[in-house]
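Worksheet: one structure, shown below.
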Number of protein chains: 4
Amino acid sequence: MSFALPKYHAPDFTKPEFVSAPDVKEAPAPKDGVAPEGYHSTSMYPEYFKVAGKWTLAEESRMDSSVVIRDDGHLDVVENRNLKKGDRVVVGRTERAEEGIFLYNSGFEEPGESTFDDQFVFRQGRSRETSYARDYDRLIELLKYEKEHGKVVWVMGPAFAFDFGARRAMASLIDHGYCNGLLAGNALATHDLEGALLHTALGQDIYTQKSMPNGHYNHLDICNKVRACGSIPAFIKEYGLDDGIICACVRNNVPIVLGGSIRDDGPLPEVIGDVYKAQNAMRSVVKDATTVICLATMLHTIATGNMTPSFRVLPDGTIRPLYLYAVDADEFVVNKLLDRGSLAATTMVTNVQDFIRIVANGLIK
Amino acid sequence: MSFALPKYHAPDFTKPEFVSAPDVKEAPAPKDGVAPEGYHSTSMYPEYFKVAGKWTLAEESRMDSSVVIRDDGHLDVVENRNLKKGDRVVVGRTERAEEGIFLYNSGFEEPGESTFDDQFVFRQGRSRETSYARDYDRLIELLKYEKEHGKVVWVMGPAFAFDFGARRAMASLIDHGYCNGLLAGNALATHDLEGALLHTALGQDIYTQKSMPNGHYNHLDICNKVRACGSIPAFIKEYGLDDGIICACVRNNVPIVLGGSIRDDGPLPEVIGDVYKAQNAMRSVVKDATTVICLATMLHTIATGNMTPSFRVLPDGTIRPLYLYAVDADEFVVNKLLDRGSLAATTMVTNVQDFIRIVANGLIK
Amino acid sequence: MSFALPKYHAPDFTKPEFVSAPDVKEAPAPKDGVAPEGYHSTSMYPEYFKVAGKWTLAEESRMDSSVVIRDDGHLDVVENRNLKKGDRVVVGRTERAEEGIFLYNSGFEEPGESTFDDQFVFRQGRSRETSYARDYDRLIELLKYEKEHGKVVWVMGPAFAFDFGARRAMASLIDHGYCNGLLAGNALATHDLEGALLHTALGQDIYTQKSMPNGHYNHLDICNKVRACGSIPAFIKEYGLDDGIICACVRNNVPIVLGGSIRDDGPLPEVIGDVYKAQNAMRSVVKDATTVICLATMLHTIATGNMTPSFRVLPDGTIRPLYLYAVDADEFVVNKLLDRGSLAATTMVTNVQDFIRIVANGLIK
Amino acid sequence: MSFALPKYHAPDFTKPEFVSAPDVKEAPAPKDGVAPEGYHSTSMYPEYFKVAGKWTLAEESRMDSSVVIRDDGHLDVVENRNLKKGDRVVVGRTERAEEGIFLYNSGFEEPGESTFDDQFVFRQGRSRETSYARDYDRLIELLKYEKEHGKVVWVMGPAFAFDFGARRAMASLIDHGYCNGLLAGNALATHDLEGALLHTALGQDIYTQKSMPNGHYNHLDICNKVRACGSIPAFIKEYGLDDGIICACVRNNVPIVLGGSIRDDGPLPEVIGDVYKAQNAMRSVVKDATTVICLATMLHTIATGNMTPSFRVLPDGTIRPLYLYAVDADEFVVNKLLDRGSLAATTMVTNVQDFIRIVANGLIK
């Protein structure tokens with residue numbers, strides 16, 4: 001099986017319901033960070049808005065945000081907190097053209113047989129007992145395609161760096177060009193760098209599982225040393241490190257966004273302590289992504305899922321799907337993603353250590 | 001059964017090993033936010049440091065922080081990120097007086113039979129199958145005691161406000177004086193205020209579970225309206241609300257700290273977006289607490305657990321236990337708290353909706 | 001809120017599709033325990049079969065079984081393993097009258113507004129975060145009704161007897177007439193009797209949680225002593241016991257079926273070692289039930305769910321709903337019940353200890 | 001790394017405490033299936049009993065059973081239910097030679113550094129976040145060793161056959177000689193045979209996950225067809241099957257024990273309906289095992305764990321470890337095994353589909 005991108009079928013705006021639809025209504029944002037009454041909130045799907053008689057796609061969308069009409073007619077999708085007083089915000093809560101708003105969730109379906117996306121039918125009820133053989137096969141083909149044509153962003157929970165094998169598999173994927181961005185938190189980076197310097201995570205050897213004497217200091221020492229060095233790259237250089245996920249990202253110039261949380265020790269200097277600035281930085285990485293893979297983190301998975309649309313407009317204007325994967329050992333976490341409306345996701349219930357070994361094994365010989 | 005506070009037995013510093021111990025070593029913080037090599041890191045237990053020949057307790061402790069010797073001899077427990085260049089930081093990683101540092105984890109044990117704290121023996125392996133009857137009885141007696149003599153801080157996950165009965169039980173506990181502080185995030189407050197204004201949570205009726213048409217807007221509308229009003233109290237006043245957890249806190253002048261996260265919509269104006277400032281604000285509430293109860297949140301539970309010592313020095317100098325409870329439906333979450341060293345906790349595995357109903361039922365007739 | 005049984009609206013068999021439907025086809029069972037090719041398999045819903053021109057309900061139904069036409073026209077629902085060679089088995093796999101088979105899953109819905117059963121709409125996606133306030137209120141009203149008019153069968157997992165409070169609450173419910181049958185396994189009964197004789201479960205005190213010296217013998221000793229006595233009632237009499245669930249059942253003449261499993265120690269004399277005989281015995285108790293409540297057991301919950309129809313024909317011919325509740329701490333377990341098609345269930349995700357305390361508290365003042 | 005069996009160091013029975021110890025006491029079983037008061041119950045460890053002045057090992061041990069002294073001095077470990085009236089049962093509940101009973105749990109430790117078994121130190125607290133890299137490496141080396149020198153018994157939960165990849169990996173392991181016995185239930189065999197005949201499990205395609213029309217009949221049809229054929233091998237021959245786990249076992253003459261449960265449909269003819277006979281049959285397979293691997297089943301894992309000692313006496317008298325692995329997606333399940341005292345186990349928390357792929361990938365090129 002090799003991978004073929006499904007084709008996007010744009011809506012036919014010559015149909016009467018579109019032609020006869022009114023222009024979309026707008027209202028000014030009453031103050032900075034506040035939307036006007038009745039604001040329209042976006043979904044993850046392509047949405048078109050009739051502005052000055054013309055149906056226009058909001059190209060860089062995300063969930064739960066407002067649409068701002070720029071004076072040149074461009075439509076920006078803006079989180080309410082980022083609205084400026086006076087921004088021309090789209091108003092209206094219907095989605096079938098009645099008010100000039102059209103949500104289009106079937107653009108990638110073939111008229112008759114649906115292809116890659118027929119998984120959507122079976123999405124519900126995924127558990128540890130679901131058959132994942134085809135999901136692995138598809139993901140591996142997808143990643144081969146993305147290496148040549150797309151951008152893959154990985155999202156990682158704190159524990160992903162606890163296992164020797166998982167770290168090695170992930171570093172290898174990065175070295176082989178399968179990672180174009182990393183979103184994580186302070187803990188993931190600290191654990192991984194602890195592995196690189198001390199071969200432990202939270203003081204336990206990442207291979208033999210032996211606890212080191214006074215090993216609980218390792219975590220804090222890493223934070224302190226990186227802070228003393230002033231940055232992660234400076235720390236890596238100072239200590240001559242080349243092992244693990246963070247080193248592989250730095251070595252390959254893969255952008256890393258570390259979002260802060262109230263659980264953080266340290267933090268490492270690169271961590272963005274203001275979570276709303278962190279959201280902005282995460283979205284700026286997601287804006288280029290064509291596949292997003294979230295591993296073992298409810299917090300980052302939902303945060304990323306919320307800002308990840310189901311489609312991507314390529315520089316040449318082509319519209320393609322944006323594939324979102326969420327992998328976690330707990331059904332509750334992956335189901336929560338679905339509950340929140342992030343529907344266009346493939347969810348897998350397994351230990352992410354094994355997931356990454358199987359993926360790396362399928363891609364790298 | 002009625003509650004009796006266990007007595008603290010201070011170490012006998014006339015013993016030879018204390019008398020002969022050297023003064024603790026110190027080193028200056030090399031720059032802001034960085035500890036010197038070999039810094040000592042605190043635990044949740046009482047720790048004494050020999051300074052100028054005298055054993056002194058670090059009174060307001062927390063885990064994973066440095067000890068700074070002030071010029072008046074007072075010992076401050078300071079997160080490394082809050083160190084100032086030149087701060088006199090305690091150095092040393094032994095804990096049995098060898099280097100002038102003494103960690104004391106048995107101060108509340110009676111010489112022969114251990115009393116309240118014998119639960120520590122059975123702490124490991126708590127699961128849904130553990131017998132919790134005595135824990136409920138004890139907690140109820142403890143809360144009666146704390147209402148008169150202590151301060152109870154509650155920590156809540158986002159979903160705690162999803163249930164009609166749980167919200168009502170919690171509001172009643174607040175009204176009856178069983179809550180002296182609330183630590184939570186943007187989502188908990190938003191969900192609860194959605195319940196107060198619209199009787200829904202994420203668009204679903206909190207009693208009948210019916211989904212409202214376009215109900216997914218409810219959550220975003222609450223955020224937007226509160227932001228338009230400028231503050232939670234202004235919003236409550238504007239809309240004449242008096243139902244639920246947040247209204248009860250506001251009505252009773254209970255301090256609320258809302259810490260931001262990358263998952264947040266909105267946020268509400270009171271949410272502290274910088275997570276390290278949020279940590280500081282949380283710790284300032286925890287500093288008065290004598291009992292802390294964490295419900296259905298891994299993020300906030302671990303964050304709070306890290307900054308909560310196992311003891312509290314009262315204004316009159318008495319040292320008493322600080323009781324920490326963590327309640328979650330998932331063994332993994334409560335065990336994770338234990339793994340991280342927050343050992344002096346009572347963990348219970350159940351749905352927090354039921355937990356709070358049973359506690360309220362035991363306290364309020 | 002007080003409870004009102006929804007009314008059953010029988011199908012209107014004068015409609016053309018019923019009148020014109022053919023008689024159902026039948027074929028003889030080719031040998032004992034084997035169904036003929038194309039056998040019809042039952043669901044949990046009412047199913048009518050056109051036999052000799054007349055639409056007849058299979059009154060005592062269950063899932064996944066065959067329908068046998070008796071010579072007097074009565075329809076028996078028989079597990080395939082219990083078929084006898086030559087039994088006249090209904091053949092056909094359509095369910096809308098085309099082949100004389102009609103599955104009727106909307107008999108309890110009111111034409112306009114649906115009432116008690118509107119919960120069915122929200123069935124999917126129940127988790128620890130679902131609001132259960134109304135479910136508790138309804139269940140309590142239902143049990144008051146059933147005490148007067150129905151029969152309540154309880155199904156219990158092995159750990160249900162681990163908690164002092166849960167055992168006391170359940171025993172009280174039994175004493176107050178809220179239990180007409182108990183389905184469980186060897187472990188539940190052994191643990192409960194260990195509590196009655198020794199105040200422990202698996203050697204741990206059921207209130208203080210203290211482990212007894214050599215307490216792992218307690219479990220085996222109970223098995224051995226009951227076996228020595230020859231029966232549970234003889235053991236209870238011999239040792240003068242009156243505490244807990246099993247004693248309450250014996251005292252109130254509540255029938256108990258204990259089904260064997262490969263995990264069993266002992267077993268107690270009453271345990272039915274042949275699981276297919278155990279299924280028969282369980283079904284004979286379920287056949288009278290109008291409400292079934294399954295607590296903390298995947299094995300017994302699914303076993304019972306499979307043999308529990310969604311309706312009950314009362315002796316006077318009235319057809320009423322049979323209510324099935326499944327309560328477990330794990331979403332996976334309750335979702336598995338739903339996956340298997342046991343749809344007409346109310347599932348609740350919580351610790352059963354707390355569940356039973358809340359239910360008992362609502363019923364017994 | 002290649003595998004080396006740790007050496008067993010027998011106790012030194014010339015030491016005074018052994019020489020001066022009394023002979024073990026015995027008492028006759030008072031009736032069939034009942035042990036005398038004070039009976040000694042076995043553990044999973046080697047236990048020696050002083051009989052007629054000589055310390056003798058109970059060679060074929062298991063947990064929670066009695067020790068019967070045969071007239072030739074041989075010690076049989078017998079479940080209490082299998083005792084015969086008058087059997088000479090060992091009495092005594094101390095284990096350090098005081099009463100002629102010696103439990104020996106350190107026979108495989110090297111005097112100084114412990115080797116393979118140092119994992120025991122880290123056993124507690126295994127979760128999805130534990131590093132499993134070394135466990136995989138060790139297991140793969142162990143299985144290479146066992147293929148030449150031992151016997152590997154696999155224990156499987158019902159869902160193990162739901163995934164195309166897992167079935168293929170397991171069948172390949174069987175074909176390559178890595179399986180000497182299979183313990184499972186009716187569901188595993190039925191699901192696997194459904195895959196072999198219809199390429200579905202419970203009606204869902206095991207690769208594409210598509211639900212087949214009327215697919216819920218598939219499961220029941222398999223049961224019925226096998227019953228019609230009279231046996232699994234007859235069914236396989238009749239339908240010309242060669243795919244999956246059961247076919248691979250039959251093809252390679254691997255013994256299968258299918259234990260019944262109250263959840264069973266069917267059952268298949270080979271299923272042993274009487275669970276105590278099933279236990280006997282399972283133990284007869286376990287008695288030859290040197291490694292036991294339990295996958296995704298709490299019921300069968302605990303049942304098997306209870307009857308699996310931590311050591312095996314080889315025909316030449318050598319004593320070697322018996323390795324027990326338990327793999328499940330849920331910490332609760334693997335921890336429950338540990339709670340029950342089955343300590344000498346390596347537990348792994350992951351999806352068993354991925355586990356088996358990684359193991360097969362490591363063994364078969």
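Labels for the structure tokens follow display order: chains A, B, ..., residues from 1 in each chain, ligands from 1.
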
Apply DSSP to the backbone of this structure and, from segment 79-184 of chain A, keep only the residues in helix (DSSP H, G or I); write these as a short mmCIF file (atom, residue, chain, number, x, y, z; two decimals) with C-alpha atoms, in the first residue's frame.
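As a result, selection-v4.cif now contains:
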```
data_model
loop_
_atom_site.label_atom_id
_atom_site.label_comp_id
_atom_site.auth_asym_id
_atom_site.auth_seq_id
_atom_site.Cartn_x
_atom_site.Cartn_y
_atom_site.Cartn_z
CA ASN A 80 -11.10 36.02 21.23
CA ARG A 81 -8.40 37.01 23.66
CA ASN A 82 -6.33 38.26 20.71
CA PHE A 116 -8.53 7.10 3.31
CA ASP A 117 -11.12 8.79 5.40
CA ASP A 118 -13.52 5.92 5.80
CA GLN A 119 -11.87 5.44 9.15
CA PHE A 120 -14.12 8.25 10.30
CA VAL A 121 -16.99 5.86 10.37
CA PHE A 122 -15.30 3.65 12.91
CA ALA A 133 -2.82 -3.10 12.27
CA ARG A 134 -4.15 -0.94 9.44
CA ASP A 135 -3.60 2.26 11.39
CA TYR A 136 0.07 1.42 11.73
CA ASP A 137 0.38 0.55 8.06
CA ARG A 138 -1.32 3.77 7.03
CA LEU A 139 0.64 5.96 9.39
CA ILE A 140 3.92 4.55 8.12
CA GLU A 141 2.92 5.23 4.51
CA LEU A 142 1.71 8.68 5.48
CA LEU A 143 4.99 9.55 7.16
CA LYS A 144 6.97 8.47 4.11
CA TYR A 145 4.81 10.83 2.08
CA GLU A 146 5.11 13.66 4.57
CA LYS A 147 8.89 13.40 4.65
CA GLU A 148 8.87 14.42 1.00
CA HIS A 149 5.84 16.69 0.86
CA PRO A 158 6.41 14.26 30.10
CA ALA A 159 6.93 10.51 30.38
CA PHE A 160 7.83 9.91 26.78
CA ALA A 161 11.51 10.21 27.60
CA PHE A 162 11.47 7.63 30.41
CA PHE A 164 15.67 4.01 26.57
CA GLY A 165 14.12 2.40 23.52
CA ALA A 166 11.51 5.09 22.92
CA ARG A 167 14.08 7.87 23.16
CA ARG A 168 16.34 6.09 20.71
CA ALA A 169 13.51 5.39 18.27
CA MET A 170 12.32 8.98 18.38
CA ALA A 171 15.82 10.42 17.97
CA SER A 172 16.28 8.22 14.96
CA LEU A 173 13.01 9.44 13.43
CA ILE A 174 14.17 13.01 13.92
CA ASP A 175 17.55 12.29 12.36
#
```

Per-residue nearest contacts chain D to chain B, cut-off 8 Å, using only C-alpha atoms, as a Markdown table:
```
| residue | atom | partner | partner_atom | distance |
| --- | --- | --- | --- | --- |
| D:Gly125 | CA | B:Asp339 | CA | 7.9 |
| D:Ser127 | CA | B:Phe332 | CA | 7.8 |
| D:Glu331 | CA | B:Phe332 | CA | 7.5 |
| D:Phe332 | CA | B:Glu331 | CA | 7.5 |
| D:Asp339 | CA | B:Gly125 | CA | 7.9 |
```

Those selected residues, please, written with N, CA and C atoms and delivered as a CSV table (one decimal), in the first residue's frame.
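See result_16.csv below for the written result:
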```csv
chain,number,residue,atom,x,y,z
D,125,GLY,N,5.2,-0.6,41.6
D,125,GLY,CA,4.9,0.7,40.9
D,125,GLY,C,5.1,0.7,39.4
D,127,SER,N,4.2,0.9,35.7
D,127,SER,CA,3.0,1.6,35.1
D,127,SER,C,3.4,1.8,33.6
D,331,GLU,N,-2.9,-0.8,34.5
D,331,GLU,CA,-2.0,-1.0,35.7
D,331,GLU,C,-2.8,-1.8,36.8
D,332,PHE,N,-4.1,-1.5,36.9
D,332,PHE,CA,-4.9,-2.2,37.9
D,332,PHE,C,-4.8,-3.7,37.8
D,339,ASP,N,-0.6,-7.8,44.1
D,339,ASP,CA,-1.3,-7.8,45.4
D,339,ASP,C,-1.6,-9.2,45.9
```

Excluding same-chain residues fewer than 4 positions from segment 263-268 of chain D, what lies within 10 Å of it counting only C-alpha atoms, as a VMD selection string? (chain C and resid 33 to 34 64 to 65 79 to 82 275 to 276 279 298 to 307) or (chain D and resid 185 to 187 189 to 190 219 to 228 230 to 232 258 to 259 272 to 273)

Write out as a PyMOL selection string each polymer residue whose atoms come within 9 Å of Ile319 of chain A, counting only C-alpha atoms; drop sequence neighbours fewer than 2 positions from it. chain A and resi 7-10+311-314+316-317+321

What is the distance, in Å and to one decimal place, between atom CA of Val77 of chain B and atom CA of Val286 of chain B?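 Result for atom CA of Val77 of chain B versus atom CA of Val286 of chain B: 13.8 Å, one decimal.
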
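When DSSP is run on the backbone, the residues of segment 5-123 of chain A that fall into strand (DSSP E) are A:Lys25, A:Glu26, A:Ala27, A:Pro28, A:Glu47, A:Tyr48, A:Phe49, A:Lys50, A:Val51, A:Lys54, A:Trp55, A:Thr56, A:Leu57, A:Ser66, A:Val67, A:Val68, A:Ile69, A:Leu75, A:Asp76, A:Val77, A:Val78, A:Arg88, A:Val89, A:Val90, A:Val91, A:Ile101, A:Phe102, A:Leu103.
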
Segment 55-61 of chain A: which residues within 9 Å, counting only C-alpha atoms, same-chain residues fewer than 2 positions away excluded, as a ChimeraX atom specification? /A:13,18,23,42-53,63,65,67,73-78,100-102,287,307-313

Name all residues at most 7 Å from Ala296 of chain D (count only C-alpha atoms; drop same-chain ones fewer than 5 positions away) and give them as a compact mmCIF listing (two decimals) with C-alpha atoms, in the first residue's frame.
```
# COMPACT_ATOMS: atom_id res chain seq x y z
CA MET D 156 -4.53 -15.14 26.44
CA GLY D 157 -7.48 -12.91 27.03
CA VAL D 327 1.10 -7.88 30.16
CA ASP D 328 -1.99 -5.72 30.23
CA VAL D 352 -0.74 -6.62 24.00
```
